[in-house]
>>> print(open('structure.pdb').read())   # PDB, C-alpha atoms and all ligand atoms
ATOM      1  CA  MET A   1       8.711  13.136-117.356
ATOM      2  CA  LYS A   2       6.944  12.676-120.637
ATOM      3  CA  ARG A   3       3.613  10.874-120.601
ATOM      4  CA  LYS A   4       4.884   8.266-123.097
ATOM      5  CA  VAL A   5       7.712   7.299-120.724
ATOM      6  CA  ILE A   6       5.347   6.998-117.749
ATOM      7  CA  VAL A   7       3.001   4.751-119.751
ATOM      8  CA  ARG A   8       5.984   2.656-120.892
ATOM      9  CA  HIS A   9       7.129   2.202-117.268
ATOM     10  CA  ILE A  10       3.632   1.197-116.157
ATOM     11  CA  VAL A  11       3.332  -1.369-118.968
ATOM     12  CA  ILE A  12       6.765  -2.900-118.289
ATOM     13  CA  ILE A  13       6.383  -2.957-114.500
ATOM     14  CA  SER A  14       2.882  -4.500-114.789
ATOM     15  CA  GLY A  15       4.231  -7.116-117.187
ATOM     16  CA  LEU A  16       7.043  -7.985-114.784
ATOM     17  CA  LEU A  17       4.616  -8.212-111.855
ATOM     18  CA  VAL A  18       2.335 -10.528-113.823
ATOM     19  CA  LEU A  19       5.332 -12.697-114.710
ATOM     20  CA  LEU A  20       6.535 -12.767-111.112
ATOM     21  CA  LEU A  21       3.083 -13.491-109.677
ATOM     22  CA  PHE A  22       1.938 -16.141-112.109
ATOM     23  CA  VAL A  23       5.062 -17.703-113.554
ATOM     24  CA  TRP A  24       7.835 -16.923-111.022
ATOM     25  CA  ARG A  25      10.417 -18.222-113.453
ATOM     26  CA  CYS A  26      11.463 -17.894-117.064
ATOM     27  CA  PRO A  27       8.302 -18.379-119.189
ATOM     28  CA  LEU A  28      10.249 -20.250-121.901
ATOM     29  CA  GLU A  29      11.807 -22.607-119.372
ATOM     30  CA  TYR A  30       8.472 -23.010-117.579
ATOM     31  CA  LEU A  31       6.658 -24.010-120.777
ATOM     32  CA  PHE A  32       9.303 -25.977-122.683
ATOM     33  CA  GLY A  33      12.082 -26.759-120.205
ATOM     34  CA  ILE A  34      14.472 -24.743-122.374
ATOM     35  CA  PRO A  35      16.146 -21.702-120.778
ATOM     36  CA  CYS A  36      16.213 -18.416-122.710
ATOM     37  CA  PRO A  37      19.363 -16.364-123.483
ATOM     38  CA  CYS A  38      18.544 -14.032-120.579
ATOM     39  CA  CYS A  39      18.068 -16.725-117.939
ATOM     40  CA  GLY A  40      20.011 -15.810-114.814
ATOM     41  CA  MET A  41      19.552 -12.029-115.263
ATOM     42  CA  THR A  42      17.097 -11.682-112.373
ATOM     43  CA  ARG A  43      19.425 -13.605-110.061
ATOM     44  CA  ALA A  44      22.367 -11.520-111.348
ATOM     45  CA  PHE A  45      20.603  -8.241-110.471
ATOM     46  CA  LYS A  46      19.465  -9.657-107.153
ATOM     47  CA  SER A  47      23.093 -10.506-106.319
ATOM     48  CA  MET A  48      24.211  -7.056-107.467
ATOM     49  CA  ALA A  49      21.706  -5.516-105.062
ATOM     50  CA  SER A  50      23.567  -7.255-102.237
ATOM     51  CA  LEU A  51      26.909  -6.181-103.799
ATOM     52  CA  ASP A  52      27.926  -9.752-104.638
ATOM     53  CA  PHE A  53      29.353  -9.026-108.086
ATOM     54  CA  ARG A  54      31.083 -12.387-108.384
ATOM     55  CA  ALA A  55      27.724 -14.154-108.053
ATOM     56  CA  SER A  56      26.169 -11.606-110.451
ATOM     57  CA  PHE A  57      28.690 -12.428-113.176
ATOM     58  CA  SER A  58      28.283 -16.150-112.615
ATOM     59  CA  TYR A  59      24.509 -15.882-113.002
ATOM     60  CA  HIS A  60      24.828 -13.845-116.217
ATOM     61  CA  PRO A  61      28.035 -12.186-117.445
ATOM     62  CA  LEU A  62      26.071  -9.679-119.580
ATOM     63  CA  PHE A  63      23.764  -8.361-116.863
ATOM     64  CA  LEU A  64      25.337  -4.879-116.872
ATOM     65  CA  PRO A  65      25.165  -4.107-120.629
ATOM     66  CA  THR A  66      21.689  -5.658-120.796
ATOM     67  CA  GLY A  67      20.535  -3.631-117.809
ATOM     68  CA  PHE A  68      21.971  -0.479-119.363
ATOM     69  CA  ALA A  69      20.255  -1.251-122.697
ATOM     70  CA  ILE A  70      16.877  -1.688-120.977
ATOM     71  CA  TRP A  71      17.408   1.492-118.963
ATOM     72  CA  TYR A  72      18.397   3.398-122.126
ATOM     73  CA  ILE A  73      15.367   2.162-124.101
ATOM     74  CA  LEU A  74      13.083   3.244-121.252
ATOM     75  CA  HIS A  75      14.664   6.683-120.813
ATOM     76  CA  LYS A  76      15.969   7.743-124.228
ATOM     77  CA  ASP A  77      13.036  10.120-124.779
ATOM     78  CA  VAL A  78      13.736  12.114-121.619
ATOM     79  CA  LEU A  79      17.539  12.206-121.885
ATOM     80  CA  PRO A  80      19.207  15.460-122.942
ATOM     81  CA  ASP A  81      20.341  15.357-126.590
ATOM     82  CA  ARG A  82      24.037  15.111-125.679
ATOM     83  CA  PHE A  83      23.407  11.760-123.919
ATOM     84  CA  ARG A  84      21.306  10.279-126.715
ATOM     85  CA  MET A  85      22.826   7.882-129.230
ATOM     86  CA  GLY A  86      22.248   8.221-132.927
ATOM     87  CA  LYS A  87      19.958   5.610-134.472
ATOM     88  CA  LYS A  88      22.849   3.867-136.233
ATOM     89  CA  THR A  89      24.929   3.688-133.051
ATOM     90  CA  ALA A  90      21.976   2.406-131.017
ATOM     91  CA  ARG A  91      21.220  -0.269-133.636
ATOM     92  CA  ALA A  92      24.879  -1.324-133.856
ATOM     93  CA  LEU A  93      25.207  -1.601-130.057
ATOM     94  CA  GLY A  94      21.845  -3.395-129.808
ATOM     95  CA  GLY A  95      22.920  -5.857-132.505
ATOM     96  CA  LEU A  96      26.261  -6.395-130.780
ATOM     97  CA  LEU A  97      24.497  -7.058-127.461
ATOM     98  CA  LEU A  98      22.160  -9.575-129.133
ATOM     99  CA  LEU A  99      25.148 -11.358-130.699
ATOM    100  CA  LEU A 100      26.932 -11.467-127.327
ATOM    101  CA  LEU A 101      23.782 -12.790-125.613
ATOM    102  CA  LEU A 102      23.540 -15.509-128.253
ATOM    103  CA  ALA A 103      27.254 -16.382-127.921
ATOM    104  CA  VAL A 104      27.009 -16.592-124.109
ATOM    105  CA  TYR A 105      23.844 -18.696-124.467
ATOM    106  CA  VAL A 106      25.483 -21.196-126.809
ATOM    107  CA  TYR A 107      28.619 -21.303-124.635
ATOM    108  CA  ARG A 108      26.637 -21.931-121.444
ATOM    109  CA  ILE A 109      24.563 -24.709-123.015
ATOM    110  CA  ALA A 110      27.504 -26.363-124.791
ATOM    111  CA  PHE A 111      30.235 -26.030-122.155
ATOM    112  CA  GLN A 112      28.401 -25.637-118.837
ATOM    113  CA  PRO A 113      25.821 -28.439-118.924
ATOM    114  CA  ASP A 114      25.474 -28.375-115.138
ATOM    115  CA  GLY A 115      25.754 -24.615-114.870
ATOM    116  CA  ILE A 116      23.217 -21.884-114.178
ATOM    117  CA  ILE A 117      21.056 -22.797-117.154
ATOM    118  CA  LYS A 118      20.226 -26.284-118.326
ATOM    119  CA  ILE A 119      17.838 -27.804-120.793
ATOM    120  CA  ASP A 120      15.367 -30.152-119.123
ATOM    121  CA  LEU A 121      12.564 -30.955-121.542
ATOM    122  CA  ASP A 122      10.850 -33.244-119.001
ATOM    123  CA  ASP A 123      10.452 -30.243-116.687
ATOM    124  CA  GLY A 124       8.527 -28.178-119.275
ATOM    125  CA  LEU A 125       4.772 -27.750-118.754
ATOM    126  CA  ILE A 126       4.006 -28.658-122.385
ATOM    127  CA  PHE A 127       5.769 -32.010-122.090
ATOM    128  CA  LYS A 128       4.182 -32.722-118.692
ATOM    129  CA  ILE A 129       0.724 -32.126-120.239
ATOM    130  CA  MET A 130       1.623 -34.331-123.231
ATOM    131  CA  ARG A 131       2.682 -37.126-120.863
ATOM    132  CA  GLU A 132      -0.594 -36.804-118.919
ATOM    133  CA  ILE A 133      -2.634 -36.948-122.129
ATOM    134  CA  ARG A 134      -0.789 -40.074-123.309
ATOM    135  CA  GLY A 135      -1.394 -41.662-119.900
TER     136      GLY A 135
HETATM  137 ZN    ZN B 201      14.941 -17.225-119.278
END
>>> encode(input="structure.pdb", output="structure tokens", more="lines below")
Ligand SMILES: [Zn+2]
Amino acid sequence: MKRKVIVRHIVIISGLLVLLLFVWRCPLEYLFGIPCPCCGMTRAFKSMASLDFRASFSYHPLFLPTGFAIWYILHKDVLPDRFRMGKKTARALGGLLLLLLLAVYVYRIAFQPDGIIKIDLDDGLIFKIMREIRG
């Protein structure tokens, strides 16, 4: 494996460990009470690990393409040329994935108010601190 890829893995895995150890939930939701477009991904992969694909899709319907995109970004430098995408293709697919994530996000917030993700501003750390300061 190339050194660059190893360093990239170490950085990403350390970042995830720090998030898991100190935040244990979505940082955006933790701070502001607003879920991010990827909320539910961890639970989706956890369900996939126990082969519960129905639960995986309910937690986040885009967990597979997102997981593949992350895997591809991490490994593109060590893949044989025939498995590598051209820059234009990678950008187009990345843009499409971002659009789909945004569409799913808007749909979940607008049409599934009691679903997997919900906006709860009162639960955000920032607003809790503001309430404490006001007294
Ligand atoms: Zn999130």
>>> closest_residue(input="structure.pdb", among="A:Ile70, A:Ile6, A:Phe63, A:Leu28", to="Thr42 in chain A", atoms="only C-alpha atoms")
A:Phe63
>>> resolve_selection(input="structure.pdb", expression="the PyMOL selection byres (((chain A and resi 8) around 12) and not hetatm)", output="list in words")
Met1, Lys2, Arg3, Lys4, Val5, Ile6, Val7, His9, Ile10, Val11, Ile12, Ile13, Ser14, Gly15, Ile70, Trp71, Ile73, Leu74, His75, Lys76 and Asp77 of chain A
>>> closest_residue(input="structure.pdb", among="A:Leu31, A:Leu16, A:Cys36, A:Met48", to="Arg108 in chain A", atoms="all atoms listed in the file")
A:Cys36
>>> closest_atom_pairs(input="structure.pdb", of="chain A", to="ligand ZN 201 (chain B)", cutoff="8 Å", atoms="all atoms listed in the file", output="Markdown table")
| residue | atom | partner | partner_atom | distance |
| --- | --- | --- | --- | --- |
| A:Arg25 | CA | B:ZN201 | ZN | 7.4 |
| A:Cys26 | CA | B:ZN201 | ZN | 4.2 |
| A:Pro27 | CA | B:ZN201 | ZN | 6.7 |
| A:Leu28 | CA | B:ZN201 | ZN | 6.2 |
| A:Glu29 | CA | B:ZN201 | ZN | 6.2 |
| A:Pro35 | CA | B:ZN201 | ZN | 4.9 |
| A:Cys36 | CA | B:ZN201 | ZN | 3.8 |
| A:Pro37 | CA | B:ZN201 | ZN | 6.2 |
| A:Cys38 | CA | B:ZN201 | ZN | 5.0 |
| A:Cys39 | CA | B:ZN201 | ZN | 3.4 |
| A:Gly40 | CA | B:ZN201 | ZN | 6.9 |
>>> closest_residue(input="structure.pdb", among="A:Asp123, A:Asp52, A:Glu132, A:Asp81", to="Gly33 in chain A", atoms="all atoms listed in the file")
A:Asp123
>>> build_atoms(input="structure.pdb", residues="range 90-101 of chain A", atoms="all heavy atoms", output="short mmCIF file (atom, residue, chain, number, x, y, z; two decimals), in the frame of the given file")
data_model
loop_
_atom_site.label_atom_id
_atom_site.label_comp_id
_atom_site.auth_asym_id
_atom_site.auth_seq_id
_atom_site.Cartn_x
_atom_site.Cartn_y
_atom_site.Cartn_z
N ALA A 90 22.84 3.20 -131.88
CA ALA A 90 21.98 2.41 -131.02
C ALA A 90 21.72 1.04 -131.64
O ALA A 90 21.76 0.01 -130.95
CB ALA A 90 20.66 3.14 -130.78
N ARG A 91 21.46 1.02 -132.95
CA ARG A 91 21.22 -0.27 -133.64
C ARG A 91 22.46 -1.15 -133.61
O ARG A 91 22.38 -2.35 -133.40
CB ARG A 91 20.79 -0.03 -135.08
CG ARG A 91 19.34 0.34 -135.17
CD ARG A 91 18.84 0.25 -136.60
NE ARG A 91 17.48 0.76 -136.62
CZ ARG A 91 16.98 1.45 -137.63
NH1 ARG A 91 17.72 1.71 -138.69
NH2 ARG A 91 15.74 1.87 -137.58
N ALA A 92 23.64 -0.55 -133.84
CA ALA A 92 24.88 -1.32 -133.86
C ALA A 92 25.14 -1.92 -132.47
O ALA A 92 25.46 -3.10 -132.34
CB ALA A 92 26.05 -0.44 -134.30
N LEU A 93 24.97 -1.11 -131.42
CA LEU A 93 25.21 -1.60 -130.06
C LEU A 93 24.16 -2.64 -129.67
O LEU A 93 24.49 -3.65 -129.04
CB LEU A 93 25.21 -0.44 -129.06
CG LEU A 93 26.44 0.47 -129.11
CD1 LEU A 93 26.28 1.64 -128.15
CD2 LEU A 93 27.71 -0.31 -128.78
N GLY A 94 22.91 -2.42 -130.08
CA GLY A 94 21.84 -3.40 -129.81
C GLY A 94 22.14 -4.72 -130.50
O GLY A 94 22.00 -5.79 -129.91
N GLY A 95 22.58 -4.64 -131.75
CA GLY A 95 22.92 -5.86 -132.50
C GLY A 95 24.09 -6.58 -131.87
O GLY A 95 24.08 -7.81 -131.75
N LEU A 96 25.09 -5.80 -131.44
CA LEU A 96 26.26 -6.40 -130.78
C LEU A 96 25.84 -7.09 -129.49
O LEU A 96 26.27 -8.22 -129.21
CB LEU A 96 27.30 -5.30 -130.49
CG LEU A 96 28.57 -5.77 -129.77
CD1 LEU A 96 29.38 -6.70 -130.67
CD2 LEU A 96 29.41 -4.58 -129.35
N LEU A 97 24.97 -6.45 -128.71
CA LEU A 97 24.50 -7.06 -127.46
C LEU A 97 23.74 -8.35 -127.74
O LEU A 97 23.95 -9.36 -127.06
CB LEU A 97 23.61 -6.07 -126.69
CG LEU A 97 23.08 -6.58 -125.34
CD1 LEU A 97 24.22 -6.94 -124.39
CD2 LEU A 97 22.16 -5.55 -124.70
N LEU A 98 22.89 -8.35 -128.78
CA LEU A 98 22.16 -9.57 -129.13
C LEU A 98 23.12 -10.70 -129.53
O LEU A 98 22.94 -11.85 -129.13
CB LEU A 98 21.16 -9.30 -130.26
CG LEU A 98 19.93 -8.48 -129.87
CD1 LEU A 98 19.04 -8.25 -131.08
CD2 LEU A 98 19.15 -9.15 -128.75
N LEU A 99 24.15 -10.35 -130.31
CA LEU A 99 25.15 -11.36 -130.70
C LEU A 99 25.88 -11.92 -129.47
O LEU A 99 26.08 -13.13 -129.36
CB LEU A 99 26.17 -10.76 -131.67
CG LEU A 99 25.74 -10.64 -133.12
CD1 LEU A 99 26.82 -9.94 -133.94
CD2 LEU A 99 25.45 -12.02 -133.70
N LEU A 100 26.24 -11.02 -128.55
CA LEU A 100 26.93 -11.47 -127.33
C LEU A 100 26.02 -12.35 -126.48
O LEU A 100 26.46 -13.37 -125.94
CB LEU A 100 27.41 -10.26 -126.52
CG LEU A 100 28.61 -9.52 -127.09
CD1 LEU A 100 28.88 -8.22 -126.31
CD2 LEU A 100 29.85 -10.39 -127.07
N LEU A 101 24.73 -11.97 -126.37
CA LEU A 101 23.78 -12.79 -125.61
C LEU A 101 23.68 -14.18 -126.23
O LEU A 101 23.67 -15.19 -125.51
CB LEU A 101 22.40 -12.12 -125.59
CG LEU A 101 22.22 -10.97 -124.60
CD1 LEU A 101 20.91 -10.23 -124.88
CD2 LEU A 101 22.25 -11.46 -123.16
#
